[in-house]
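S.K.: Sharing a structure below in structure tokens format, with a few things to ask.
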Amino acid sequence: MLFSNHFKAALALTATVLCLTPVYAVTTVIPSTSFSSYTVFESFWAYLYPWGSDHNGSARMVGSSTDHSHIAVVSSTLSLIATPTTNPVPPTSTANPNPAIHYASGAIHAKAQITVTSANSYTISGDFSAPTVFGTWPAFWLTAVNSWPPETDIGEWKGTNNNWFNTFNTSSIVKSTLVAWPADLSFHTLKAVLTAESNNVDVRIDFYMDNVLQTTQFGAGFVGQPLWLIINLQMEGSAGSPGPSGTTTYKVRNMLVTRTGT
Ligand SMILES: *[C@@H]1O[C@H](CO)[C@@H](O)[C@H](O)[C@H]1NC(C)=O
Ligand SMILES: *[C@@H]1O[C@H](CO)[C@@H](O)[C@H](O)[C@H]1NC(C)=O
């Protein structure tokens with residue numbers, strides 16, 4: 001039997017790929033069904049920030065397995081809901097720089113920590129309906145479990161029609177890439193792929209919107225550093241003030257986190 005040259009070339013290429021490419025297992029860290037019920041949700045996610053209810057904006061996060069007024073999963077969609085609050089106790093955030101609390105809102109974090117090593121790579125994606133009005137500060141981000149930074153932000157909206165992709169080497173050495181984001185609350189996909197650089201010290205992060213590569217950033221010394229994955233609807237802070245006087249909702253669906261390798 002005679003093989004065409006094309007077929008022979010394809011065979012040779014296949015053989016080369018099979019020999020040279022190690023086979024890495026793909027593990028689902030958070031399945032796309034994690035918002036399908038509170039039982040499934042609570043097996044992959046915990047309420048509030050890893051450190052509690054407060055951070056550096058004017059929203060105090062509220063939520064538990066018995067209080068879904070600000071953190072809800074309905075129709076396989078996570079809703080984080082911010083409402084103006086009166087007489088908060090205590091009146092200011094317990095986190096630096098201690099802004100006055102003006103809202104009750106929602107935050108969640110993944111129970112699994114994410115640690116990029118030379119033996120793995122992570123892919124983190126989801127569909128986001130993010131408010132962009134002045135004074136609303138939703139985010140989808142990874143931050144250090146131990147000393148800060150590392151931090152890398154896959155979604156951060158600061159009250160304008162842009163998403164910010166950010167990677168912090170230090171508090172002042174930051175790479176930010178702004179990408180236009182529609183104001184109509186339509187869902188768009190964000191994805192980040194995190195892979196160790198060949199120096200086994202730094203991490204390369206490829207950021208996508210609607211499956212189109214937008215930017216590549218590099219995190220200094222991120223290899224081996226455990227990270228929290230957080231979704232939150234902060235208010236005011238970096239997004240300006242005063243924020244909205246009514247209810248603001250930030251929605252997420254089809255969240256998927258996979259790890260290739262170990
Ligand atoms: C952060 O460090 C990485 C690794 O050294 C480097 O490639 C990147 O350019 C740095 N980012 C900034 C904003 O300087
Ligand atoms: C708030 O804290 C986060 C890190 O936890 C940081 O990325 C951000 O720059 C801070 N923003 C303000 C306005 O303090």
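Ligands are numbered from 1 in the order shown, chains are lettered A, B, ... in the order of the structure tokens, and residues start at 1 in each chain.
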Hey, which residues come within 9 Å of ligand 2 if we count only C-alpha atoms and all ligand atoms? Could you give them as a PDB file with C-alpha atoms, in the first residue's frame?
M.R.:
```pdb
ATOM      1  CA  HIS A  55     -11.765  44.421  53.059  1.00  0.00           C
ATOM      2  CA  ASN A  56     -10.664  47.758  51.588  1.00  0.00           C
ATOM      3  CA  GLY A  57     -14.016  48.907  50.195  1.00  0.00           C
ATOM      4  CA  ASN A  96      -6.790  48.543  56.072  1.00  0.00           C
ATOM      5  CA  PRO A  97      -7.494  51.429  55.266  1.00  0.00           C
ATOM      6  CA  THR A 143      -4.538  36.401  46.209  1.00  0.00           C
ATOM      7  CA  ALA A 144      -1.821  35.038  48.453  1.00  0.00           C
ATOM      8  CA  TRP A 148       1.052  39.343  49.841  1.00  0.00           C
ATOM      9  CA  PRO A 149       1.646  39.563  46.888  1.00  0.00           C
ATOM     10  CA  GLU A 151      -2.065  38.657  43.508  1.00  0.00           C
ATOM     11  CA  THR A 152      -3.531  38.338  40.047  1.00  0.00           C
ATOM     12  CA  ASP A 153      -6.925  39.685  39.015  1.00  0.00           C
ATOM     13  CA  ASN A 166      -3.708  42.765  36.834  1.00  0.00           C
ATOM     14  CA  PHE A 168       1.195  42.337  41.245  1.00  0.00           C
ATOM     15  CA  SER A 171       2.330  46.599  45.840  1.00  0.00           C
ATOM     16  CA  GLU A 236     -16.752  52.241  46.346  1.00  0.00           C
ATOM     17  CA  GLY A 237     -12.987  52.053  47.187  1.00  0.00           C
ATOM     18  CA  SER A 238     -11.118  51.916  43.848  1.00  0.00           C
ATOM     19  CA  ALA A 239     -14.449  52.321  41.998  1.00  0.00           C
TER      20      ALA A 239
END
```
S.K.: Please check which protein, DNA or RNA residues sit within 8 Å of ligand 1, counting only C-alpha atoms and all ligand atoms, and write them as an NGL selection string.
M.R.: :A and (167-169 or 173-176 or 202-203 or 217-221)
S.K.: Please give the complete set of residues from stretch 1-248 of chain A that DSSP, run on the backbone, assigns to strand (DSSP E or B), formatted as a VMD selection string.
M.R.: chain A and resid 26 to 30 45 to 47 49 52 59 to 61 64 67 71 to 74 77 to 84 92 100 103 to 105 107 to 110 114 120 to 129 136 to 144 151 to 156 162 to 168 174 to 180 188 to 196 203 to 209 212 to 219 227 to 235 248
S.K.: With only C-alpha atoms as the counted atoms, please give the residues lying no more than 12 Å from A:Val179, apart from itself and same-chain residues fewer than 3 positions off, as a list in words.
M.R.: Ile154, Gly155, Glu156, Trp157, Thr160, Asn161, Asn162, Asn163, Trp164, Phe165, Asn166, Ser176, Pro182, Leu190, Phe207, Tyr208, Met209, Asp210, Val212, Leu213, Gln214 and Thr215 of chain A
S.K.: Export, as a short mmCIF file (atom, residue, chain, number, x, y, z; two decimals), in the first residue's frame, the selected residues with N, CA and C atoms.
M.R.:
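again29.cif, written as the output of this step:
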```cif
data_model
loop_
_atom_site.label_atom_id
_atom_site.label_comp_id
_atom_site.auth_asym_id
_atom_site.auth_seq_id
_atom_site.Cartn_x
_atom_site.Cartn_y
_atom_site.Cartn_z
N ILE A 154 -8.30 38.37 37.53
CA ILE A 154 -8.81 37.93 36.22
C ILE A 154 -9.98 38.82 35.81
N GLY A 155 -10.74 39.25 36.81
CA GLY A 155 -11.81 40.21 36.60
C GLY A 155 -11.75 41.27 37.69
N GLU A 156 -11.67 42.53 37.29
CA GLU A 156 -11.81 43.62 38.26
C GLU A 156 -12.40 44.81 37.52
N TRP A 157 -13.56 45.24 37.98
CA TRP A 157 -14.27 46.34 37.33
C TRP A 157 -14.35 47.47 38.35
N THR A 160 -16.13 51.66 35.72
CA THR A 160 -16.09 52.14 34.33
C THR A 160 -16.31 50.93 33.43
N ASN A 161 -16.47 51.18 32.13
CA ASN A 161 -16.76 50.07 31.21
C ASN A 161 -15.47 49.38 30.74
N ASN A 162 -14.68 48.98 31.73
CA ASN A 162 -13.44 48.24 31.46
C ASN A 162 -13.30 47.13 32.47
N ASN A 163 -12.74 46.01 32.00
CA ASN A 163 -12.22 45.01 32.94
C ASN A 163 -10.71 45.20 33.03
N TRP A 164 -10.21 45.07 34.24
CA TRP A 164 -8.77 45.16 34.48
C TRP A 164 -8.22 43.76 34.73
N PHE A 165 -7.23 43.36 33.92
CA PHE A 165 -6.42 42.17 34.21
C PHE A 165 -5.15 42.69 34.89
N ASN A 166 -4.87 42.24 36.09
CA ASN A 166 -3.71 42.76 36.83
C ASN A 166 -2.85 41.64 37.39
N SER A 176 -1.13 46.11 34.54
CA SER A 176 -2.58 46.17 34.36
C SER A 176 -2.90 46.30 32.88
N PRO A 182 -18.80 45.53 28.11
CA PRO A 182 -20.12 46.13 27.85
C PRO A 182 -20.83 46.48 29.16
N LEU A 190 -14.48 35.03 31.02
CA LEU A 190 -13.09 35.36 31.36
C LEU A 190 -12.37 34.06 31.67
N PHE A 207 -4.44 35.71 29.80
CA PHE A 207 -5.80 36.17 30.12
C PHE A 207 -6.65 36.24 28.85
N TYR A 208 -7.83 35.68 28.92
CA TYR A 208 -8.74 35.65 27.76
C TYR A 208 -10.06 36.32 28.11
N MET A 209 -10.67 36.98 27.13
CA MET A 209 -12.07 37.39 27.23
C MET A 209 -12.81 36.79 26.03
N ASP A 210 -13.91 36.12 26.30
CA ASP A 210 -14.67 35.43 25.25
C ASP A 210 -13.75 34.58 24.37
N VAL A 212 -10.73 34.88 23.53
CA VAL A 212 -9.70 35.54 22.73
C VAL A 212 -8.60 36.03 23.70
N LEU A 213 -7.35 35.66 23.42
CA LEU A 213 -6.25 36.08 24.28
C LEU A 213 -6.15 37.60 24.29
N GLN A 214 -6.13 38.19 25.50
CA GLN A 214 -6.08 39.65 25.62
C GLN A 214 -4.69 40.13 26.05
N THR A 215 -4.06 39.40 26.95
CA THR A 215 -2.74 39.81 27.43
C THR A 215 -2.08 38.64 28.14
#
```
S.K.: May I have the residues within 8 Å of A:Thr262 as a list in words, using only C-alpha atoms and disregarding those fewer than 3 positions away in the same chain?
M.R.: Ala25, Ala119, Asn120 and Arg259 of chain A
S.K.: For the atom pair atom CA of A:Pro99 and atom CA of A:Tyr49, what is the interatomic distance in Å to one decimal place?
M.R.: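 A separation of 16.7 Å between them.
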S.K.: Quick one: distance from atom CA of A:Trp45 to atom CA of A:Asn146 in Å, one decimal?
M.R.: 19.3 Å
S.K.: For A:Val257, work out the shell of residues within 9 Å, counting only C-alpha atoms and skipping chain neighbours fewer than 5 positions away, then give it as a PyMOL selection string.
M.R.: chain A and resi 27-32+122-126
S.K.: Atom CA of A:Trp181 to atom CA of A:His68: how many Å, to one decimal?
M.R.: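 So the answer is 28.0 Å.
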S.K.: Using only C-alpha atoms, can you tell me which of A:Thr216, A:Thr115, A:Ser58, A:Thr195 comes closest to A:Ala82?
M.R.: A:Ser58
S.K.: Just want the 10 Å neighbourhood of A:Glu42, counted on only C-alpha atoms, with same-chain residues fewer than 6 positions away dropped. Output as an MDAnalysis selection string.
M.R.: chainID A and resid 34:35 64:65 110:111
S.K.: So that I can see what lies close to A:Val116, please list as a count of residues only the residues with an atom at most 8 Å from it, counting only C-alpha atoms and leaving out residues fewer than 2 positions away in the same chain.
M.R.: 14
